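K.L.:
Okay, handing you the structure first.
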Amino acid sequence: MGLNSFVKFFTPKDRVFYSIFEEVADNLSDMSRVFREAIHQEDDKVRDKMLSTLEDFEHKNDDATHRLFIELGQNFITPFDREDIHYLATSLDDVADYIWASAKSIVNYDINEANDTMRSFAVVIDNSVQALRVALKGLRNMKDLKSITDACVKVNSFENEADDILDEALKQLFLLETNAIELIKRKELYQDMEIVTDKCEDAANVIESIIIKYS
């Protein structure tokens with residue numbers, strides 16, 4: 001093996017990992033925006049059709065996560081800790097999974113009326129994902145650490161907001177809902193929507209750990 005080939009073999013494929021993470025960031029951004037727009041759609045048939053399209057986004061995220069894991073298995077040198085890459089990829093995949101789970105619950109449980117709680121969750125989910133996208137995009141060069149840190153702080157703040165929404169929603173649900181089946185459906189939906197922000201926070205925490213180690 002020549003010297004150039006040897007060096008090339010052991011050069012970290014930074015661009016591969018960063019490109020895939022950026023692809024995931026864009027996919028999640030599109031996914032959360034569609035979810036938000038669907039929840040605010042008054043026509044329930046149009047809404048359900050929009051929500052059904054989220055399955056494609058979830059599959060795209062699965063494919064990207066799979067490619068990340070393949071790259072991890074094939075490369076000796078990575079742009080940052082292998083554990084961080086794995087945890088970040090898993091957290092981002094969970095974000096997509098729980099957005100899709102929420103969408104499926106609405107369609108499968110025939111939840112025809114989108115209430116204020118659902119709309120509030122949809123907004124905070126989208127805000128959280130958009131902030132996470134900013135943080136992910138900043139990883140490639142790490143030139144603007146303040147922008148990355150500020151974005152991660154926003155994600156944490158949105159997770160706290162989602163906690164408050166869930167607490168109030170469950171309080172009102174158990175206080176006012178007399179239909180046990182409807183109560184169970186709504187409770188599961190609200191909890192899945194809140195988990196989306198938990199997973200965003202998990203990803204943001206990994207990003208903060210990365211910039212502390214490598215900045």
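Scheme for the structure tokens: letters A, B, ... for chains in order shown; per-chain residue numbers from 1; ligand numbers from 1 in order shown.
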Could you list, as a list in words, every residue within 8 Å of region 164-176 of chain A, counting only C-alpha atoms and ignoring same-chain residues fewer than 4 positions away?

P.N.:
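Everything that qualifies: Thr117, Ser120, Phe121, Asn160, Leu183, Lys187, Tyr190, Gln191 and Glu194 of chain A.
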
K.L.:
Using only C-alpha atoms, what table do you get, as JSON lines, when you list each residue of region 86-191 of chain A with an atom no more than 9 Å from region 61-78 of chain A, its nearest pair of atoms, and their distance in Å rounded to one decimal, rows by chain then rising number?

P.N.:
```
{"residue": "A:His86", "atom": "CA", "partner": "A:Phe69", "partner_atom": "CA", "distance": 7.3}
{"residue": "A:Ala89", "atom": "CA", "partner": "A:Thr65", "partner_atom": "CA", "distance": 6.0}
{"residue": "A:Thr90", "atom": "CA", "partner": "A:Thr65", "partner_atom": "CA", "distance": 7.4}
{"residue": "A:Leu92", "atom": "CA", "partner": "A:Asn61", "partner_atom": "CA", "distance": 8.3}
{"residue": "A:Asp93", "atom": "CA", "partner": "A:Asn61", "partner_atom": "CA", "distance": 6.3}
{"residue": "A:Ala96", "atom": "CA", "partner": "A:Asn61", "partner_atom": "CA", "distance": 6.9}
{"residue": "A:Asp97", "atom": "CA", "partner": "A:Asn61", "partner_atom": "CA", "distance": 8.8}
```

K.L.:
Please list as a list in words every residue within 8 Å of Ser105 (chain A), counting only C-alpha atoms and excluding residues in the same chain fewer than 6 positions away.

P.N.:
Ile111, Lys185 and Leu189 of chain A

K.L.:
Just write the chosen residues, N, CA and C atoms, as a PDB file, in the first residue's frame.

P.N.:
```pdb
ATOM      1  N   ILE A 111     -59.004  10.279  16.445  1.00  0.00           N
ATOM      2  CA  ILE A 111     -59.131  11.504  17.239  1.00  0.00           C
ATOM      3  C   ILE A 111     -59.444  12.641  16.275  1.00  0.00           C
ATOM      4  N   LYS A 185     -57.047   7.241  25.200  1.00  0.00           N
ATOM      5  CA  LYS A 185     -56.491   7.638  23.905  1.00  0.00           C
ATOM      6  C   LYS A 185     -55.736   8.959  24.013  1.00  0.00           C
ATOM      7  N   LEU A 189     -51.627   9.759  23.714  1.00  0.00           N
ATOM      8  CA  LEU A 189     -51.187  10.715  22.697  1.00  0.00           C
ATOM      9  C   LEU A 189     -50.359  11.827  23.323  1.00  0.00           C
TER      10      LEU A 189
END
```

K.L.:
Find the spatial neighbours of Glu58 (chain A), counting only C-alpha atoms, within a cut-off of 12 Å - ignore same-chain residues fewer than 3 positions away - and output them as a VMD selection string.

P.N.:
chain A and resid 24 27 to 32 51 to 55 61 to 65 92 to 104

K.L.:
Go ahead and write the selection's residues with N, CA and C atoms as a PDB file, in the first residue's frame.

P.N.:
```pdb
ATOM      1  N   VAL A  24     -30.326  14.176   8.482  1.00  0.00           N
ATOM      2  CA  VAL A  24     -31.312  13.856   9.515  1.00  0.00           C
ATOM      3  C   VAL A  24     -31.952  15.137  10.051  1.00  0.00           C
ATOM      4  N   ASN A  27     -34.454  16.371   7.592  1.00  0.00           N
ATOM      5  CA  ASN A  27     -35.611  15.479   7.543  1.00  0.00           C
ATOM      6  C   ASN A  27     -36.522  15.690   8.750  1.00  0.00           C
ATOM      7  N   LEU A  28     -35.925  15.798   9.942  1.00  0.00           N
ATOM      8  CA  LEU A  28     -36.715  16.031  11.151  1.00  0.00           C
ATOM      9  C   LEU A  28     -37.397  17.397  11.098  1.00  0.00           C
ATOM     10  N   SER A  29     -36.700  18.376  10.546  1.00  0.00           N
ATOM     11  CA  SER A  29     -37.275  19.713  10.408  1.00  0.00           C
ATOM     12  C   SER A  29     -38.531  19.680   9.547  1.00  0.00           C
ATOM     13  N   ASP A  30     -38.427  19.002   8.402  1.00  0.00           N
ATOM     14  CA  ASP A  30     -39.594  18.873   7.515  1.00  0.00           C
ATOM     15  C   ASP A  30     -40.714  18.089   8.201  1.00  0.00           C
ATOM     16  N   MET A  31     -40.326  17.053   8.914  1.00  0.00           N
ATOM     17  CA  MET A  31     -41.298  16.196   9.591  1.00  0.00           C
ATOM     18  C   MET A  31     -42.077  16.968  10.647  1.00  0.00           C
ATOM     19  N   SER A  32     -41.377  17.741  11.461  1.00  0.00           N
ATOM     20  CA  SER A  32     -42.058  18.476  12.535  1.00  0.00           C
ATOM     21  C   SER A  32     -42.939  19.588  11.976  1.00  0.00           C
ATOM     22  N   LEU A  51     -50.832  13.627   8.067  1.00  0.00           N
ATOM     23  CA  LEU A  51     -50.176  12.841   9.109  1.00  0.00           C
ATOM     24  C   LEU A  51     -49.655  11.520   8.567  1.00  0.00           C
ATOM     25  N   SER A  52     -50.381  10.926   7.630  1.00  0.00           N
ATOM     26  CA  SER A  52     -49.962   9.641   7.055  1.00  0.00           C
ATOM     27  C   SER A  52     -48.658   9.762   6.269  1.00  0.00           C
ATOM     28  N   THR A  53     -48.393  10.967   5.729  1.00  0.00           N
ATOM     29  CA  THR A  53     -47.163  11.150   4.961  1.00  0.00           C
ATOM     30  C   THR A  53     -45.923  11.118   5.856  1.00  0.00           C
ATOM     31  N   LEU A  54     -46.124  11.264   7.159  1.00  0.00           N
ATOM     32  CA  LEU A  54     -44.984  11.276   8.074  1.00  0.00           C
ATOM     33  C   LEU A  54     -44.276   9.929   8.145  1.00  0.00           C
ATOM     34  N   GLU A  55     -44.958   8.871   7.719  1.00  0.00           N
ATOM     35  CA  GLU A  55     -44.315   7.557   7.705  1.00  0.00           C
ATOM     36  C   GLU A  55     -43.097   7.564   6.786  1.00  0.00           C
ATOM     37  N   ASN A  61     -35.498   8.558   8.059  1.00  0.00           N
ATOM     38  CA  ASN A  61     -34.656   8.673   9.240  1.00  0.00           C
ATOM     39  C   ASN A  61     -34.052   7.323   9.618  1.00  0.00           C
ATOM     40  N   ASP A  62     -34.841   6.273   9.498  1.00  0.00           N
ATOM     41  CA  ASP A  62     -34.323   4.919   9.753  1.00  0.00           C
ATOM     42  C   ASP A  62     -33.152   4.602   8.824  1.00  0.00           C
ATOM     43  N   ASP A  63     -33.301   4.955   7.544  1.00  0.00           N
ATOM     44  CA  ASP A  63     -32.248   4.683   6.565  1.00  0.00           C
ATOM     45  C   ASP A  63     -30.969   5.452   6.915  1.00  0.00           C
ATOM     46  N   ALA A  64     -31.133   6.726   7.300  1.00  0.00           N
ATOM     47  CA  ALA A  64     -29.972   7.545   7.647  1.00  0.00           C
ATOM     48  C   ALA A  64     -29.281   6.993   8.895  1.00  0.00           C
ATOM     49  N   THR A  65     -30.062   6.577   9.870  1.00  0.00           N
ATOM     50  CA  THR A  65     -29.494   6.001  11.100  1.00  0.00           C
ATOM     51  C   THR A  65     -28.723   4.726  10.778  1.00  0.00           C
ATOM     52  N   LEU A  92     -31.857  10.962  17.832  1.00  0.00           N
ATOM     53  CA  LEU A  92     -32.513  11.581  16.675  1.00  0.00           C
ATOM     54  C   LEU A  92     -33.518  10.623  16.034  1.00  0.00           C
ATOM     55  N   ASP A  93     -33.159   9.357  15.995  1.00  0.00           N
ATOM     56  CA  ASP A  93     -34.085   8.355  15.460  1.00  0.00           C
ATOM     57  C   ASP A  93     -35.336   8.271  16.336  1.00  0.00           C
ATOM     58  N   ASP A  94     -35.149   8.387  17.647  1.00  0.00           N
ATOM     59  CA  ASP A  94     -36.288   8.367  18.570  1.00  0.00           C
ATOM     60  C   ASP A  94     -37.205   9.571  18.358  1.00  0.00           C
ATOM     61  N   VAL A  95     -36.635  10.722  18.026  1.00  0.00           N
ATOM     62  CA  VAL A  95     -37.457  11.912  17.739  1.00  0.00           C
ATOM     63  C   VAL A  95     -38.421  11.599  16.602  1.00  0.00           C
ATOM     64  N   ALA A  96     -37.894  11.038  15.526  1.00  0.00           N
ATOM     65  CA  ALA A  96     -38.737  10.680  14.381  1.00  0.00           C
ATOM     66  C   ALA A  96     -39.758   9.617  14.755  1.00  0.00           C
ATOM     67  N   ASP A  97     -39.322   8.623  15.529  1.00  0.00           N
ATOM     68  CA  ASP A  97     -40.221   7.534  15.913  1.00  0.00           C
ATOM     69  C   ASP A  97     -41.426   8.051  16.702  1.00  0.00           C
ATOM     70  N   TYR A  98     -41.179   8.973  17.626  1.00  0.00           N
ATOM     71  CA  TYR A  98     -42.271   9.441  18.480  1.00  0.00           C
ATOM     72  C   TYR A  98     -43.161  10.473  17.787  1.00  0.00           C
ATOM     73  N   ILE A  99     -42.617  11.217  16.830  1.00  0.00           N
ATOM     74  CA  ILE A  99     -43.493  12.068  16.024  1.00  0.00           C
ATOM     75  C   ILE A  99     -44.442  11.183  15.213  1.00  0.00           C
ATOM     76  N   TRP A 100     -43.878  10.129  14.625  1.00  0.00           N
ATOM     77  CA  TRP A 100     -44.690   9.207  13.838  1.00  0.00           C
ATOM     78  C   TRP A 100     -45.677   8.454  14.725  1.00  0.00           C
ATOM     79  N   ALA A 101     -45.261   8.075  15.918  1.00  0.00           N
ATOM     80  CA  ALA A 101     -46.162   7.397  16.854  1.00  0.00           C
ATOM     81  C   ALA A 101     -47.334   8.297  17.221  1.00  0.00           C
ATOM     82  N   SER A 102     -47.057   9.575  17.420  1.00  0.00           N
ATOM     83  CA  SER A 102     -48.130  10.528  17.730  1.00  0.00           C
ATOM     84  C   SER A 102     -49.087  10.662  16.562  1.00  0.00           C
ATOM     85  N   ALA A 103     -48.532  10.753  15.361  1.00  0.00           N
ATOM     86  CA  ALA A 103     -49.374  10.867  14.166  1.00  0.00           C
ATOM     87  C   ALA A 103     -50.251   9.626  13.998  1.00  0.00           C
ATOM     88  N   LYS A 104     -49.660   8.448  14.211  1.00  0.00           N
ATOM     89  CA  LYS A 104     -50.429   7.204  14.086  1.00  0.00           C
ATOM     90  C   LYS A 104     -51.552   7.131  15.110  1.00  0.00           C
TER      91      LYS A 104
END
```

K.L.:
Applying 8 Å and only C-alpha atoms, which residues near Cys200 (chain A) remain after dropping the ones on its own chain fewer than 4 positions away? List them as an MDAnalysis selection string.

P.N.:
chainID A and resid 91:92 95 128:129 132 155 159 196 204

K.L.:
Would you list the contacts of Val206 (chain A) as a count of residues only, taking every protein, DNA or RNA residue within 8 Å and counting only C-alpha atoms, but skipping same-chain residues closer than 6 positions in sequence?

P.N.:
3

K.L.:
Pick the closest to Asp81 (chain A) from A:Leu145, A:Ile211, A:Met193, A:Ala180: which is it, counting only C-alpha atoms?

P.N.:
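The answer is A:Ile211, which sits nearest to Asp81 (chain A).
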
K.L.:
When you draw a straight line from CA of Ala114 (chain A) to CA of Phe57 (chain A), how long is it in Å?

P.N.:
21.9 Å

K.L.:
Give me, as a PDB file with C-alpha atoms, in the first residue's frame, the residues of region 13-215 of chain A that a backbone DSSP run labels alpha helix (DSSP H).

P.N.:
```
ATOM      1  CA  ASP A  14     -15.754  13.710   8.860  1.00  0.00           C
ATOM      2  CA  ARG A  15     -17.823  14.800   5.935  1.00  0.00           C
ATOM      3  CA  VAL A  16     -19.675  11.506   5.798  1.00  0.00           C
ATOM      4  CA  PHE A  17     -20.848  11.665   9.413  1.00  0.00           C
ATOM      5  CA  TYR A  18     -21.600  15.383   9.324  1.00  0.00           C
ATOM      6  CA  SER A  19     -23.491  15.068   6.048  1.00  0.00           C
ATOM      7  CA  ILE A  20     -25.694  12.292   7.375  1.00  0.00           C
ATOM      8  CA  PHE A  21     -26.420  14.170  10.598  1.00  0.00           C
ATOM      9  CA  GLU A  22     -27.316  17.256   8.555  1.00  0.00           C
ATOM     10  CA  GLU A  23     -29.567  15.109   6.371  1.00  0.00           C
ATOM     11  CA  VAL A  24     -31.312  13.856   9.515  1.00  0.00           C
ATOM     12  CA  ALA A  25     -31.635  17.430  10.786  1.00  0.00           C
ATOM     13  CA  ASP A  26     -33.356  18.527   7.570  1.00  0.00           C
ATOM     14  CA  ASN A  27     -35.611  15.479   7.543  1.00  0.00           C
ATOM     15  CA  LEU A  28     -36.715  16.031  11.151  1.00  0.00           C
ATOM     16  CA  SER A  29     -37.275  19.713  10.408  1.00  0.00           C
ATOM     17  CA  ASP A  30     -39.594  18.873   7.515  1.00  0.00           C
ATOM     18  CA  MET A  31     -41.298  16.196   9.591  1.00  0.00           C
ATOM     19  CA  SER A  32     -42.058  18.476  12.535  1.00  0.00           C
ATOM     20  CA  ARG A  33     -43.341  21.246  10.260  1.00  0.00           C
ATOM     21  CA  VAL A  34     -45.746  18.895   8.494  1.00  0.00           C
ATOM     22  CA  PHE A  35     -46.874  17.576  11.875  1.00  0.00           C
ATOM     23  CA  ARG A  36     -47.488  21.108  13.144  1.00  0.00           C
ATOM     24  CA  GLU A  37     -49.386  22.112  10.006  1.00  0.00           C
ATOM     25  CA  ALA A  38     -51.468  18.933  10.132  1.00  0.00           C
ATOM     26  CA  ILE A  39     -52.505  19.479  13.749  1.00  0.00           C
ATOM     27  CA  ASP A  44     -59.832  16.148   9.631  1.00  0.00           C
ATOM     28  CA  LYS A  45     -59.563  14.221   6.336  1.00  0.00           C
ATOM     29  CA  VAL A  46     -56.866  16.555   5.049  1.00  0.00           C
ATOM     30  CA  ARG A  47     -55.175  16.386   8.441  1.00  0.00           C
ATOM     31  CA  ASP A  48     -55.126  12.577   8.485  1.00  0.00           C
ATOM     32  CA  LYS A  49     -53.699  12.502   4.968  1.00  0.00           C
ATOM     33  CA  MET A  50     -50.915  14.880   5.997  1.00  0.00           C
ATOM     34  CA  LEU A  51     -50.176  12.841   9.109  1.00  0.00           C
ATOM     35  CA  SER A  52     -49.962   9.641   7.055  1.00  0.00           C
ATOM     36  CA  LEU A  54     -44.984  11.276   8.074  1.00  0.00           C
ATOM     37  CA  GLU A  55     -44.315   7.557   7.705  1.00  0.00           C
ATOM     38  CA  ASP A  56     -42.074   8.371   4.730  1.00  0.00           C
ATOM     39  CA  PHE A  57     -40.049  10.783   6.862  1.00  0.00           C
ATOM     40  CA  GLU A  58     -39.719   8.167   9.583  1.00  0.00           C
ATOM     41  CA  HIS A  59     -38.433   5.623   7.041  1.00  0.00           C
ATOM     42  CA  LYS A  60     -35.902   8.165   5.720  1.00  0.00           C
ATOM     43  CA  ASN A  61     -34.656   8.673   9.240  1.00  0.00           C
ATOM     44  CA  ASP A  62     -34.323   4.919   9.753  1.00  0.00           C
ATOM     45  CA  ASP A  63     -32.248   4.683   6.565  1.00  0.00           C
ATOM     46  CA  ALA A  64     -29.972   7.545   7.647  1.00  0.00           C
ATOM     47  CA  THR A  65     -29.494   6.001  11.100  1.00  0.00           C
ATOM     48  CA  HIS A  66     -28.608   2.680   9.489  1.00  0.00           C
ATOM     49  CA  ARG A  67     -25.994   4.386   7.305  1.00  0.00           C
ATOM     50  CA  LEU A  68     -24.496   6.077  10.358  1.00  0.00           C
ATOM     51  CA  PHE A  69     -24.133   2.735  12.096  1.00  0.00           C
ATOM     52  CA  ILE A  70     -22.521   1.220   8.984  1.00  0.00           C
ATOM     53  CA  GLU A  71     -20.016   4.090   8.893  1.00  0.00           C
ATOM     54  CA  LEU A  72     -19.254   3.502  12.566  1.00  0.00           C
ATOM     55  CA  GLY A  73     -18.523  -0.140  11.825  1.00  0.00           C
ATOM     56  CA  GLN A  74     -16.315   0.607   8.836  1.00  0.00           C
ATOM     57  CA  ARG A  82     -18.086   6.654  18.765  1.00  0.00           C
ATOM     58  CA  GLU A  83     -20.372   6.490  21.806  1.00  0.00           C
ATOM     59  CA  ASP A  84     -21.476  10.082  21.196  1.00  0.00           C
ATOM     60  CA  ILE A  85     -22.190   9.356  17.551  1.00  0.00           C
ATOM     61  CA  HIS A  86     -24.217   6.290  18.489  1.00  0.00           C
ATOM     62  CA  TYR A  87     -26.172   8.054  21.221  1.00  0.00           C
ATOM     63  CA  LEU A  88     -26.835  11.116  19.062  1.00  0.00           C
ATOM     64  CA  ALA A  89     -28.022   8.958  16.152  1.00  0.00           C
ATOM     65  CA  THR A  90     -30.266   6.922  18.448  1.00  0.00           C
ATOM     66  CA  SER A  91     -31.791  10.020  20.054  1.00  0.00           C
ATOM     67  CA  LEU A  92     -32.513  11.581  16.675  1.00  0.00           C
ATOM     68  CA  ASP A  93     -34.085   8.355  15.460  1.00  0.00           C
ATOM     69  CA  ASP A  94     -36.288   8.367  18.570  1.00  0.00           C
ATOM     70  CA  VAL A  95     -37.457  11.912  17.739  1.00  0.00           C
ATOM     71  CA  ALA A  96     -38.737  10.680  14.381  1.00  0.00           C
ATOM     72  CA  ASP A  97     -40.221   7.534  15.913  1.00  0.00           C
ATOM     73  CA  TYR A  98     -42.271   9.441  18.480  1.00  0.00           C
ATOM     74  CA  ILE A  99     -43.493  12.068  16.024  1.00  0.00           C
ATOM     75  CA  TRP A 100     -44.690   9.207  13.838  1.00  0.00           C
ATOM     76  CA  ALA A 101     -46.162   7.397  16.854  1.00  0.00           C
ATOM     77  CA  SER A 102     -48.130  10.528  17.730  1.00  0.00           C
ATOM     78  CA  ALA A 103     -49.374  10.867  14.166  1.00  0.00           C
ATOM     79  CA  LYS A 104     -50.429   7.204  14.086  1.00  0.00           C
ATOM     80  CA  SER A 105     -52.308   7.558  17.362  1.00  0.00           C
ATOM     81  CA  ILE A 106     -54.331  10.462  16.000  1.00  0.00           C
ATOM     82  CA  VAL A 107     -55.252   8.563  12.843  1.00  0.00           C
ATOM     83  CA  ASN A 108     -55.684   5.061  14.291  1.00  0.00           C
ATOM     84  CA  ASP A 116     -55.600  23.365  22.227  1.00  0.00           C
ATOM     85  CA  THR A 117     -53.357  20.852  23.980  1.00  0.00           C
ATOM     86  CA  MET A 118     -52.491  19.079  20.731  1.00  0.00           C
ATOM     87  CA  ARG A 119     -51.865  22.383  18.981  1.00  0.00           C
ATOM     88  CA  SER A 120     -49.621  23.570  21.814  1.00  0.00           C
ATOM     89  CA  PHE A 121     -47.635  20.338  21.696  1.00  0.00           C
ATOM     90  CA  ALA A 122     -47.275  20.572  17.911  1.00  0.00           C
ATOM     91  CA  VAL A 123     -45.845  24.088  18.211  1.00  0.00           C
ATOM     92  CA  VAL A 124     -43.361  23.239  20.954  1.00  0.00           C
ATOM     93  CA  ILE A 125     -42.281  20.065  19.121  1.00  0.00           C
ATOM     94  CA  ASP A 126     -41.606  22.022  15.949  1.00  0.00           C
ATOM     95  CA  ASN A 127     -39.768  24.751  17.867  1.00  0.00           C
ATOM     96  CA  SER A 128     -37.630  22.135  19.607  1.00  0.00           C
ATOM     97  CA  VAL A 129     -36.756  20.331  16.386  1.00  0.00           C
ATOM     98  CA  GLN A 130     -35.873  23.594  14.608  1.00  0.00           C
ATOM     99  CA  ALA A 131     -33.540  24.565  17.462  1.00  0.00           C
ATOM    100  CA  LEU A 132     -31.991  21.088  17.390  1.00  0.00           C
ATOM    101  CA  ARG A 133     -31.416  21.481  13.646  1.00  0.00           C
ATOM    102  CA  VAL A 134     -29.399  24.654  14.274  1.00  0.00           C
ATOM    103  CA  ALA A 135     -27.227  22.823  16.797  1.00  0.00           C
ATOM    104  CA  LEU A 136     -26.679  19.859  14.465  1.00  0.00           C
ATOM    105  CA  LYS A 137     -25.750  22.107  11.543  1.00  0.00           C
ATOM    106  CA  LEU A 145     -20.073  27.686  19.685  1.00  0.00           C
ATOM    107  CA  LYS A 146     -22.432  30.280  21.162  1.00  0.00           C
ATOM    108  CA  SER A 147     -24.999  29.576  18.455  1.00  0.00           C
ATOM    109  CA  ILE A 148     -24.788  25.840  19.137  1.00  0.00           C
ATOM    110  CA  THR A 149     -25.009  26.334  22.897  1.00  0.00           C
ATOM    111  CA  ASP A 150     -27.917  28.777  22.596  1.00  0.00           C
ATOM    112  CA  ALA A 151     -29.781  26.297  20.397  1.00  0.00           C
ATOM    113  CA  CYS A 152     -29.252  23.511  22.941  1.00  0.00           C
ATOM    114  CA  VAL A 153     -30.488  25.772  25.737  1.00  0.00           C
ATOM    115  CA  LYS A 154     -33.614  26.465  23.692  1.00  0.00           C
ATOM    116  CA  VAL A 155     -34.212  22.733  23.260  1.00  0.00           C
ATOM    117  CA  ASN A 156     -33.982  22.255  27.028  1.00  0.00           C
ATOM    118  CA  SER A 157     -36.382  25.151  27.557  1.00  0.00           C
ATOM    119  CA  PHE A 158     -38.890  23.677  25.107  1.00  0.00           C
ATOM    120  CA  GLU A 159     -38.719  20.355  26.935  1.00  0.00           C
ATOM    121  CA  ASN A 160     -39.635  22.147  30.168  1.00  0.00           C
ATOM    122  CA  GLU A 161     -42.504  23.835  28.354  1.00  0.00           C
ATOM    123  CA  ALA A 162     -43.731  20.473  27.111  1.00  0.00           C
ATOM    124  CA  ASP A 163     -43.611  19.116  30.669  1.00  0.00           C
ATOM    125  CA  ASP A 164     -45.870  21.965  31.784  1.00  0.00           C
ATOM    126  CA  ILE A 165     -48.271  21.346  28.905  1.00  0.00           C
ATOM    127  CA  LEU A 166     -48.459  17.646  29.791  1.00  0.00           C
ATOM    128  CA  ASP A 167     -49.035  18.297  33.490  1.00  0.00           C
ATOM    129  CA  GLU A 168     -51.905  20.677  32.804  1.00  0.00           C
ATOM    130  CA  ALA A 169     -53.355  18.480  30.044  1.00  0.00           C
ATOM    131  CA  LEU A 170     -53.476  15.380  32.262  1.00  0.00           C
ATOM    132  CA  LYS A 171     -54.938  17.388  35.114  1.00  0.00           C
ATOM    133  CA  GLN A 172     -57.772  18.656  32.925  1.00  0.00           C
ATOM    134  CA  LEU A 173     -58.227  15.298  31.230  1.00  0.00           C
ATOM    135  CA  PHE A 174     -58.805  13.393  34.471  1.00  0.00           C
ATOM    136  CA  LEU A 175     -60.926  16.219  35.811  1.00  0.00           C
ATOM    137  CA  LEU A 176     -63.253  16.679  32.849  1.00  0.00           C
ATOM    138  CA  ALA A 180     -62.770   6.210  29.789  1.00  0.00           C
ATOM    139  CA  ILE A 181     -61.772   5.160  26.270  1.00  0.00           C
ATOM    140  CA  GLU A 182     -61.325   8.763  25.149  1.00  0.00           C
ATOM    141  CA  LEU A 183     -59.303   9.451  28.277  1.00  0.00           C
ATOM    142  CA  ILE A 184     -56.923   6.579  27.542  1.00  0.00           C
ATOM    143  CA  LYS A 185     -56.491   7.638  23.905  1.00  0.00           C
ATOM    144  CA  ARG A 186     -55.750  11.244  24.764  1.00  0.00           C
ATOM    145  CA  LYS A 187     -53.449  10.352  27.643  1.00  0.00           C
ATOM    146  CA  GLU A 188     -51.299   8.099  25.447  1.00  0.00           C
ATOM    147  CA  LEU A 189     -51.187  10.715  22.697  1.00  0.00           C
ATOM    148  CA  TYR A 190     -50.151  13.523  25.034  1.00  0.00           C
ATOM    149  CA  GLN A 191     -47.425  11.391  26.590  1.00  0.00           C
ATOM    150  CA  ASP A 192     -46.003  10.428  23.182  1.00  0.00           C
ATOM    151  CA  MET A 193     -45.957  14.069  22.101  1.00  0.00           C
ATOM    152  CA  GLU A 194     -44.113  15.075  25.267  1.00  0.00           C
ATOM    153  CA  ILE A 195     -41.553  12.304  24.735  1.00  0.00           C
ATOM    154  CA  VAL A 196     -40.601  13.893  21.409  1.00  0.00           C
ATOM    155  CA  THR A 197     -39.198  16.859  23.326  1.00  0.00           C
ATOM    156  CA  ASP A 198     -37.456  14.509  25.769  1.00  0.00           C
ATOM    157  CA  LYS A 199     -35.629  12.904  22.856  1.00  0.00           C
ATOM    158  CA  CYS A 200     -34.739  16.323  21.431  1.00  0.00           C
ATOM    159  CA  GLU A 201     -33.250  17.193  24.806  1.00  0.00           C
ATOM    160  CA  ASP A 202     -31.295  13.916  24.852  1.00  0.00           C
ATOM    161  CA  ALA A 203     -29.789  14.808  21.464  1.00  0.00           C
ATOM    162  CA  ALA A 204     -29.024  18.370  22.587  1.00  0.00           C
ATOM    163  CA  ASN A 205     -27.247  17.037  25.679  1.00  0.00           C
ATOM    164  CA  VAL A 206     -25.004  14.872  23.492  1.00  0.00           C
ATOM    165  CA  ILE A 207     -24.201  17.862  21.288  1.00  0.00           C
ATOM    166  CA  GLU A 208     -23.274  19.933  24.345  1.00  0.00           C
ATOM    167  CA  SER A 209     -21.009  17.108  25.516  1.00  0.00           C
ATOM    168  CA  ILE A 210     -19.327  16.991  22.102  1.00  0.00           C
ATOM    169  CA  ILE A 211     -18.550  20.705  21.939  1.00  0.00           C
ATOM    170  CA  ILE A 212     -17.162  20.643  25.495  1.00  0.00           C
ATOM    171  CA  LYS A 213     -14.776  17.815  24.530  1.00  0.00           C
ATOM    172  CA  TYR A 214     -13.662  19.141  21.163  1.00  0.00           C
TER     173      TYR A 214
END
```

K.L.:
Tell me which of A:Asn179, A:Gln41, A:Leu139, A:Glu113 sits closest to Phe80 (chain A), counting only C-alpha atoms.

P.N.:
A:Leu139
